[in-house]
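Chemist: Hey, dropping structure28.tsv in here, TSV, C-alpha atoms and all ligand atoms:
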```
chain	number	residue	atom	x	y	z
A	13	MET	CA	-17.72	71.94	66.86
A	14	ARG	CA	-19.84	73.51	64.12
A	15	GLN	CA	-18.69	73.33	60.51
A	16	LYS	CA	-17.27	76.60	59.19
A	17	ILE	CA	-18.61	77.28	55.71
A	18	VAL	CA	-18.18	79.91	53.02
A	19	ALA	CA	-20.55	79.56	50.07
A	20	GLY	CA	-20.41	81.72	46.95
A	21	ASN	CA	-23.64	82.56	45.15
A	22	TRP	CA	-22.72	83.52	41.61
A	23	LYS	CA	-26.34	84.37	40.76
A	24	MET	CA	-26.96	84.89	36.99
A	25	ASN	CA	-23.40	85.88	36.14
A	26	ASN	CA	-20.67	84.49	33.87
A	27	THR	CA	-20.75	82.60	30.59
A	28	TYR	CA	-19.82	78.93	30.79
A	29	ASP	CA	-16.14	79.57	30.05
A	30	GLN	CA	-15.94	82.48	32.49
A	31	GLY	CA	-17.57	80.34	35.17
A	32	LEU	CA	-15.14	77.48	34.67
A	33	LYS	CA	-12.20	79.90	34.81
A	34	LEU	CA	-13.49	81.36	38.08
A	35	ALA	CA	-14.06	77.89	39.56
A	36	SER	CA	-10.64	76.71	38.52
A	37	GLU	CA	-8.95	79.77	40.11
A	38	VAL	CA	-10.89	79.28	43.35
A	39	ILE	CA	-10.04	75.57	43.49
A	40	HIS	CA	-6.33	76.20	42.99
A	41	MET	CA	-6.18	79.02	45.52
A	42	VAL	CA	-8.09	76.99	48.10
A	43	GLN	CA	-5.71	74.07	47.63
A	44	ASP	CA	-2.65	76.31	47.86
A	45	GLU	CA	-3.69	78.73	50.57
A	46	VAL	CA	-6.49	77.47	52.79
A	47	LYS	CA	-5.13	75.45	55.66
A	48	SER	CA	-8.18	75.52	57.92
A	49	ASP	CA	-11.05	73.04	57.82
A	50	VAL	CA	-13.51	75.51	56.28
A	51	LYS	CA	-15.91	74.04	53.75
A	52	VAL	CA	-16.06	75.98	50.46
A	53	ILE	CA	-19.17	75.78	48.29
A	54	MET	CA	-19.54	77.32	44.83
A	55	CYS	CA	-23.20	77.85	43.94
A	56	ALA	CA	-23.13	78.27	40.19
A	57	PRO	CA	-25.86	78.69	37.56
A	58	PHE	CA	-27.42	75.39	36.42
A	59	ILE	CA	-25.52	75.12	33.15
A	60	HIS	CA	-22.14	75.49	34.88
A	61	LEU	CA	-22.74	72.83	37.50
A	62	SER	CA	-21.55	69.77	35.64
A	63	GLY	CA	-18.32	71.49	34.54
A	64	VAL	CA	-17.60	72.98	37.97
A	65	SER	CA	-18.27	69.66	39.58
A	66	LYS	CA	-15.78	67.88	37.28
A	67	LEU	CA	-13.14	70.51	38.10
A	68	SER	CA	-13.63	70.10	41.84
A	69	GLN	CA	-13.61	66.30	41.84
A	70	GLY	CA	-11.14	64.94	44.36
A	71	VAL	CA	-10.79	68.30	46.14
A	72	ALA	CA	-12.33	67.42	49.49
A	73	GLN	CA	-12.68	70.99	50.73
A	74	VAL	CA	-14.57	72.29	47.69
A	75	HIS	CA	-18.24	71.50	47.04
A	76	VAL	CA	-20.69	72.45	44.32
A	77	GLY	CA	-24.09	73.97	44.97
A	78	ALA	CA	-27.08	75.00	42.88
A	79	GLN	CA	-29.01	78.21	43.49
A	80	ASP	CA	-32.46	76.61	43.43
A	81	CYS	CA	-34.24	73.34	42.70
A	82	SER	CA	-37.76	72.39	41.75
A	83	ALA	CA	-40.37	71.61	44.38
A	84	LYS	CA	-41.46	68.70	42.17
A	85	GLU	CA	-39.84	65.34	41.67
A	86	ALA	CA	-40.12	65.08	37.85
A	87	GLY	CA	-42.54	65.60	35.01
A	88	ALA	CA	-44.18	68.30	32.93
A	89	TYR	CA	-42.64	71.37	34.59
A	90	THR	CA	-41.04	73.26	31.73
A	91	GLY	CA	-37.85	75.07	32.65
A	92	GLU	CA	-37.50	73.47	36.06
A	93	VAL	CA	-34.48	71.50	37.30
A	94	SER	CA	-35.05	68.71	39.80
A	95	ALA	CA	-32.97	67.83	42.83
A	96	SER	CA	-32.22	64.39	41.36
A	97	MET	CA	-30.83	66.03	38.19
A	98	LEU	CA	-28.58	68.19	40.35
A	99	LYS	CA	-27.39	65.18	42.28
A	100	SER	CA	-26.63	63.35	39.03
A	101	VAL	CA	-24.04	65.97	38.00
A	102	GLY	CA	-22.20	65.99	41.32
A	103	VAL	CA	-24.02	68.79	43.13
A	104	SER	CA	-24.06	68.40	46.92
A	105	HIS	CA	-25.74	71.61	48.14
A	106	VAL	CA	-28.62	73.79	47.03
A	107	ILE	CA	-29.65	77.30	48.05
A	108	ILE	CA	-33.36	77.36	48.85
A	109	GLY	CA	-35.44	80.44	49.56
A	110	HIS	CA	-32.98	83.13	48.52
A	111	SER	CA	-34.71	86.51	48.88
A	112	GLU	CA	-34.40	87.12	45.12
A	113	ARG	CA	-36.34	83.89	44.44
A	114	ARG	CA	-38.89	84.80	47.11
A	115	GLU	CA	-39.36	88.26	45.59
A	116	TYR	CA	-39.09	87.72	41.81
A	117	HIS	CA	-40.63	84.26	41.69
A	118	ALA	CA	-43.13	84.67	44.52
A	119	GLU	CA	-41.74	81.70	46.42
A	120	SER	CA	-43.78	81.18	49.58
A	121	ASN	CA	-42.72	79.59	52.85
A	122	THR	CA	-44.80	76.50	52.04
A	123	LEU	CA	-43.36	76.08	48.54
A	124	LEU	CA	-39.92	76.23	50.13
A	125	THR	CA	-40.86	73.31	52.38
A	126	ASP	CA	-41.44	71.22	49.26
A	127	LYS	CA	-38.11	72.30	47.79
A	128	VAL	CA	-36.31	71.34	50.99
A	129	LYS	CA	-38.10	67.95	50.90
A	130	GLN	CA	-36.89	67.35	47.36
A	131	ALA	CA	-33.35	68.36	48.27
A	132	LEU	CA	-33.23	66.04	51.27
A	133	ALA	CA	-34.86	63.15	49.42
A	134	ASN	CA	-32.04	63.35	46.90
A	135	GLY	CA	-29.21	63.67	49.37
A	136	LEU	CA	-28.57	67.38	48.82
A	137	THR	CA	-27.82	69.75	51.69
A	138	PRO	CA	-30.23	72.69	51.66
A	139	ILE	CA	-28.78	76.13	52.36
A	140	PHE	CA	-32.02	77.65	53.60
A	141	CYS	CA	-32.16	81.46	53.40
A	142	CYS	CA	-34.12	83.73	55.69
A	143	GLY	CA	-33.94	87.46	56.33
A	144	GLU	CA	-36.04	90.58	56.62
A	145	PRO	CA	-36.66	93.55	54.29
A	146	LEU	CA	-35.71	97.07	55.33
A	147	GLU	CA	-39.16	98.13	56.54
A	148	ILE	CA	-39.29	95.19	58.94
A	149	ARG	CA	-35.83	96.07	60.30
A	150	GLU	CA	-36.87	99.71	60.68
A	151	ALA	CA	-39.91	98.60	62.66
A	152	ASP	CA	-37.63	96.40	64.78
A	153	GLN	CA	-39.69	93.33	63.87
A	154	GLN	CA	-36.83	91.31	62.33
A	155	ASN	CA	-36.67	88.63	65.01
A	156	ALA	CA	-40.35	87.69	64.74
A	157	TYR	CA	-40.17	87.87	60.93
A	158	VAL	CA	-37.23	85.50	60.62
A	159	LYS	CA	-38.62	83.13	63.23
A	160	GLN	CA	-41.85	82.90	61.27
A	161	GLN	CA	-39.98	82.12	58.04
A	162	LEU	CA	-38.16	79.27	59.77
A	163	THR	CA	-41.24	77.94	61.53
A	164	GLU	CA	-43.41	77.93	58.43
A	165	SER	CA	-40.87	76.37	56.09
A	166	LEU	CA	-38.86	74.06	58.30
A	167	PHE	CA	-40.46	73.13	61.59
A	168	ASP	CA	-42.40	70.15	60.24
A	169	PHE	CA	-39.09	68.45	59.48
A	170	SER	CA	-37.75	65.86	61.90
A	171	ALA	CA	-34.78	66.44	64.17
A	172	GLU	CA	-32.80	64.12	61.91
A	173	ASP	CA	-33.62	66.23	58.85
A	174	ILE	CA	-32.99	69.64	60.38
A	175	GLN	CA	-29.45	68.57	61.22
A	176	LYS	CA	-28.78	68.06	57.52
A	177	MET	CA	-29.46	71.72	56.75
A	178	ILE	CA	-27.44	74.93	56.70
A	179	ILE	CA	-29.23	78.18	57.54
A	180	ALA	CA	-28.24	81.47	55.90
A	181	TYR	CA	-29.43	84.69	57.50
A	182	GLU	CA	-29.44	87.40	54.83
A	183	PRO	CA	-31.00	90.77	55.65
A	184	ILE	CA	-32.47	91.91	52.33
A	185	TRP	CA	-31.38	95.50	52.93
A	186	ALA	CA	-27.76	94.32	52.99
A	187	ILE	CA	-27.80	92.18	49.84
A	188	GLY	CA	-25.86	93.76	47.00
A	189	THR	CA	-26.20	97.20	48.59
A	190	GLY	CA	-22.75	97.54	50.13
A	191	LYS	CA	-24.57	98.04	53.45
A	192	THR	CA	-23.52	95.25	55.82
A	193	ALA	CA	-25.20	94.33	59.07
A	194	SER	CA	-22.85	95.25	61.89
A	195	SER	CA	-21.24	92.29	63.58
A	196	ALA	CA	-23.40	93.02	66.63
A	197	GLN	CA	-26.59	93.00	64.53
A	198	ALA	CA	-25.53	89.76	62.87
A	199	GLN	CA	-24.68	88.08	66.17
A	200	GLU	CA	-27.93	89.21	67.77
A	201	ILE	CA	-30.16	87.68	65.10
A	202	HIS	CA	-28.02	84.58	64.59
A	203	LEU	CA	-28.52	83.90	68.28
A	204	VAL	CA	-32.26	84.43	67.85
A	205	VAL	CA	-32.21	81.85	65.04
A	206	ARG	CA	-30.21	79.41	67.12
A	207	GLU	CA	-32.49	79.82	70.15
A	208	HIS	CA	-35.52	79.34	67.94
A	209	LEU	CA	-34.06	76.09	66.58
A	210	ALA	CA	-33.20	75.04	70.14
A	211	ALA	CA	-36.77	75.64	71.33
A	212	GLN	CA	-38.06	73.30	68.64
A	213	TYR	CA	-35.31	70.68	68.37
A	214	GLY	CA	-33.23	70.99	71.54
A	215	ARG	CA	-29.94	72.68	72.27
A	216	ASP	CA	-27.65	69.83	71.20
A	217	ILE	CA	-29.08	69.90	67.71
A	218	SER	CA	-29.25	73.67	67.44
A	219	ASP	CA	-25.65	74.01	68.59
A	220	ASN	CA	-24.53	71.89	65.66
A	221	ILE	CA	-26.33	73.72	62.87
A	222	SER	CA	-24.17	76.13	60.86
A	223	ILE	CA	-25.73	79.57	60.44
A	224	LEU	CA	-24.16	81.72	57.71
A	225	TYR	CA	-24.36	85.47	57.33
A	226	GLY	CA	-25.03	86.97	53.88
A	227	GLY	CA	-25.23	90.58	52.78
A	228	SER	CA	-22.32	92.61	51.34
A	229	CYS	CA	-19.76	90.41	53.06
A	230	LYS	CA	-16.30	91.34	51.69
A	231	PRO	CA	-12.67	90.56	52.53
A	232	ASP	CA	-12.48	93.65	54.75
A	233	ASN	CA	-15.49	92.86	56.96
A	234	ALA	CA	-15.55	89.05	56.89
A	235	HIS	CA	-13.20	88.51	59.80
A	236	GLU	CA	-15.22	90.76	62.12
A	237	LEU	CA	-18.46	89.01	61.14
A	238	PHE	CA	-17.02	85.48	61.34
A	239	SER	CA	-15.57	86.20	64.79
A	240	GLN	CA	-19.06	86.36	66.28
A	241	PRO	CA	-19.89	83.23	68.29
A	242	ASP	CA	-23.04	82.36	66.32
A	243	VAL	CA	-21.80	83.31	62.85
A	244	ASP	CA	-20.38	80.15	61.26
A	245	GLY	CA	-19.40	81.61	57.92
A	246	GLY	CA	-20.94	83.43	55.00
A	247	LEU	CA	-23.07	83.25	51.89
A	248	ILE	CA	-21.28	85.56	49.51
A	249	GLY	CA	-22.82	87.18	46.43
A	250	GLY	CA	-20.86	89.92	44.63
A	251	ALA	CA	-17.49	89.08	46.17
A	252	SER	CA	-17.75	85.43	45.07
A	253	LEU	CA	-17.31	86.54	41.45
A	254	LYS	CA	-13.69	87.53	42.08
A	255	SER	CA	-11.56	84.54	42.98
A	256	ARG	CA	-9.08	86.60	45.03
A	257	ASP	CA	-11.81	88.28	47.10
A	258	PHE	CA	-13.73	85.04	47.60
A	259	VAL	CA	-10.70	83.09	48.78
A	260	ASP	CA	-9.64	85.96	51.03
A	261	ILE	CA	-13.08	85.70	52.64
A	262	VAL	CA	-12.59	81.94	53.03
A	263	LYS	CA	-9.34	82.75	54.85
A	264	SER	CA	-11.02	85.22	57.22
A	265	PHE	CA	-11.84	82.90	60.12
A	301	LIG	C1	-26.54	87.04	48.32
A	301	LIG	O1	-27.27	87.44	47.43
A	301	LIG	O2	-26.66	85.88	48.77
A	301	LIG	C2	-25.55	87.97	48.85
A	301	LIG	C3	-25.11	87.79	50.07
A	301	LIG	O3	-25.15	88.99	48.00
A	301	LIG	P1	-24.04	90.12	48.29
A	301	LIG	O4	-22.87	89.44	48.97
A	301	LIG	O5	-23.69	90.64	46.94
A	301	LIG	O6	-24.69	91.13	49.16
```
Please express the file's structure as structure tokens.
Ligand code: PEP
Modeler:
Amino acid sequence: MRQKIVAGNWKMNNTYDQGLKLASEVIHMVQDEVKSDVKVIMCAPFIHLSGVSKLSQGVAQVHVGAQDCSAKEAGAYTGEVSASMLKSVGVSHVIIGHSERREYHAESNTLLTDKVKQALANGLTPIFCCGEPLEIREADQQNAYVKQQLTESLFDFSAEDIQKMIIAYEPIWAIGTGKTASSAQAQEIHLVVREHLAAQYGRDISDNISILYGGSCKPDNAHELFSQPDVDGGLIGGASLKSRDFVDIVKSF
């Protein structure tokens, strides 16, 4: 049985106090309302992580994630935050390869391999993002595009390592645009991702890897998306900034 997961990506939003208020609301609502075994992850900006992690201590269902980590272990890398630093403040997950990092920070598939290595070496679970831009979707090349992203960044990892990862499929044309992939489109490419993992690592392993959908997922479309057999939850941007919307998404399975 694959783990059901809903992760919120706050991006660069909220002051420290606003972030702690949001986290506290989510934690209370999850404790009061969420009866299923879904794993909830809040991926906050770096400066919020220590505070959010203290608030969520002892709440087994709620986990804290970062939105990026350095590809380096330590040293003279001004402005960077290492995976071991994240671990030291109670972070358990880290988004790697979000399309905004790929685009605005020119993160390549090979750099992402190094980030995943750092995450794993420090006991963090990578939430590895893949997904195609609009022109690739319009040319109907999305399957090959996403497969290449996975192959180039992840396929040198061992079977043991790949099982420690979460994959997030996020079509760039659906991120923050209000334009969601249809549930059929999501299922189709999630299956492509799963088959691609199976071809490299075997079906038993691939069947156990959670693949999340991201891209304008909201309370009113989450259930339809999460009902697809290969959609194991969501990576939520905009709607994760409102506690009520985020927890309603968590309750959508
Ligand atoms: C994201 O950026 O990971 C995302 C899914 O954003 P949104 O939900 O706002 O489309």
Chemist: So which one's closest to ligand LIG 301 (chain A), A:Arg14, A:His60, A:Lys159, A:Lys230? Using all atoms listed in the file, please.
Modeler: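 Counting all atoms listed in the file, the residue closest to ligand LIG 301 (chain A) is A:Lys230.
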Chemist: Just the number, please: distance in Å from atom CA of A:Val259 to atom CA of A:Leu247, one decimal.
Modeler: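 Computed distance, atom CA of A:Val259 to atom CA of A:Leu247, equals 12.8 Å.
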Chemist: Just want the residues within 7 Å of ligand LIG 301 (chain A), written as an NGL selection string, counting all atoms listed in the file.
Modeler: :A and (21 or 110 or 182 or 186-190 or 226-229 or 247-251)
Chemist: Would you mind listing what lies within 9 Å of stretch 147-151 of chain A as a PyMOL selection string, with only C-alpha atoms counted and same-chain residues fewer than 5 positions away left out?
Modeler: chain A and resi 157+183+185
Chemist: Mind pulling up the distance from atom CA of A:His105 to atom CA of A:Asp173?
Modeler: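 Interatomic distance here is 14.3 Å.
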Chemist: Mind pulling up the distance from atom CA of A:Asp244 to atom CA of A:Ala211?
Modeler: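 Computing the Euclidean distance for atom CA of A:Ala211 and atom CA of A:Asp244 yields 19.8 Å.
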Chemist: Which residues are close to A:Ile174, i.e. within 12 Å by all atoms listed in the file, leaving aside same-chain residues fewer than 2 positions away? Reply as JSON, numbers by chain.
Modeler: {"A": [125, 128, 129, 132, 137, 138, 139, 140, 162, 163, 165, 166, 167, 168, 169, 170, 171, 172, 176, 177, 178, 179, 209, 210, 212, 213, 214, 217, 218, 219, 220, 221, 222]}
Chemist: I need the chosen residues saved as a PDB file, in the coordinates of the input, with C-alpha atoms.
Modeler:
```pdb
ATOM      1  CA  THR A 125     -40.860  73.310  52.380  1.00  0.00           C
ATOM      2  CA  VAL A 128     -36.310  71.340  50.990  1.00  0.00           C
ATOM      3  CA  LYS A 129     -38.100  67.950  50.900  1.00  0.00           C
ATOM      4  CA  LEU A 132     -33.230  66.040  51.270  1.00  0.00           C
ATOM      5  CA  THR A 137     -27.820  69.750  51.690  1.00  0.00           C
ATOM      6  CA  PRO A 138     -30.230  72.690  51.660  1.00  0.00           C
ATOM      7  CA  ILE A 139     -28.780  76.130  52.360  1.00  0.00           C
ATOM      8  CA  PHE A 140     -32.020  77.650  53.600  1.00  0.00           C
ATOM      9  CA  LEU A 162     -38.160  79.270  59.770  1.00  0.00           C
ATOM     10  CA  THR A 163     -41.240  77.940  61.530  1.00  0.00           C
ATOM     11  CA  SER A 165     -40.870  76.370  56.090  1.00  0.00           C
ATOM     12  CA  LEU A 166     -38.860  74.060  58.300  1.00  0.00           C
ATOM     13  CA  PHE A 167     -40.460  73.130  61.590  1.00  0.00           C
ATOM     14  CA  ASP A 168     -42.400  70.150  60.240  1.00  0.00           C
ATOM     15  CA  PHE A 169     -39.090  68.450  59.480  1.00  0.00           C
ATOM     16  CA  SER A 170     -37.750  65.860  61.900  1.00  0.00           C
ATOM     17  CA  ALA A 171     -34.780  66.440  64.170  1.00  0.00           C
ATOM     18  CA  GLU A 172     -32.800  64.120  61.910  1.00  0.00           C
ATOM     19  CA  LYS A 176     -28.780  68.060  57.520  1.00  0.00           C
ATOM     20  CA  MET A 177     -29.460  71.720  56.750  1.00  0.00           C
ATOM     21  CA  ILE A 178     -27.440  74.930  56.700  1.00  0.00           C
ATOM     22  CA  ILE A 179     -29.230  78.180  57.540  1.00  0.00           C
ATOM     23  CA  LEU A 209     -34.060  76.090  66.580  1.00  0.00           C
ATOM     24  CA  ALA A 210     -33.200  75.040  70.140  1.00  0.00           C
ATOM     25  CA  GLN A 212     -38.060  73.300  68.640  1.00  0.00           C
ATOM     26  CA  TYR A 213     -35.310  70.680  68.370  1.00  0.00           C
ATOM     27  CA  GLY A 214     -33.230  70.990  71.540  1.00  0.00           C
ATOM     28  CA  ILE A 217     -29.080  69.900  67.710  1.00  0.00           C
ATOM     29  CA  SER A 218     -29.250  73.670  67.440  1.00  0.00           C
ATOM     30  CA  ASP A 219     -25.650  74.010  68.590  1.00  0.00           C
ATOM     31  CA  ASN A 220     -24.530  71.890  65.660  1.00  0.00           C
ATOM     32  CA  ILE A 221     -26.330  73.720  62.870  1.00  0.00           C
ATOM     33  CA  SER A 222     -24.170  76.130  60.860  1.00  0.00           C
TER      34      SER A 222
END
```
Chemist: Of the candidates A:Ser194, A:Thr122, A:Val101, A:Gln73, which shows the shortest atom-to-atom distance to A:Glu45, using only C-alpha atoms?
Modeler: A:Gln73
Chemist: Select, from A:Asp49, A:Glu119, A:Asp242, A:Glu144, the residue with the minimum atom-to-atom distance to A:Val158, counting only C-alpha atoms.
Modeler: A:Glu144
Chemist: Hey, which of A:Ile201, A:Leu32, A:Val46, A:Ile108 ends up closest to A:Val74? Count only C-alpha atoms.
Modeler: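 Nearest candidate to A:Val74 out of A:Ile201, A:Leu32, A:Val46, A:Ile108: A:Val46.
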Chemist: Find the spatial neighbours of A:Ala86, counting only C-alpha atoms, within a cut-off of 12 Å - ignore same-chain residues fewer than 6 positions away - and output them as a PyMOL selection string.
Modeler: chain A and resi 92-97+130
Chemist: Output C-alpha atoms for every residue in that selection, as a PDB file, in the coordinates of the input.
Modeler:
```pdb
ATOM      1  CA  GLU A  92     -37.500  73.470  36.060  1.00  0.00           C
ATOM      2  CA  VAL A  93     -34.480  71.500  37.300  1.00  0.00           C
ATOM      3  CA  SER A  94     -35.050  68.710  39.800  1.00  0.00           C
ATOM      4  CA  ALA A  95     -32.970  67.830  42.830  1.00  0.00           C
ATOM      5  CA  SER A  96     -32.220  64.390  41.360  1.00  0.00           C
ATOM      6  CA  MET A  97     -30.830  66.030  38.190  1.00  0.00           C
ATOM      7  CA  GLN A 130     -36.890  67.350  47.360  1.00  0.00           C
TER       8      GLN A 130
END
```
Chemist: With distances taken over only C-alpha atoms, which residue among A:Ser195, A:Val106, A:Asn155, A:Leu253 lies nearest A:Glu207?
Modeler: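 So, comparing all the options, the nearest one is A:Asn155.
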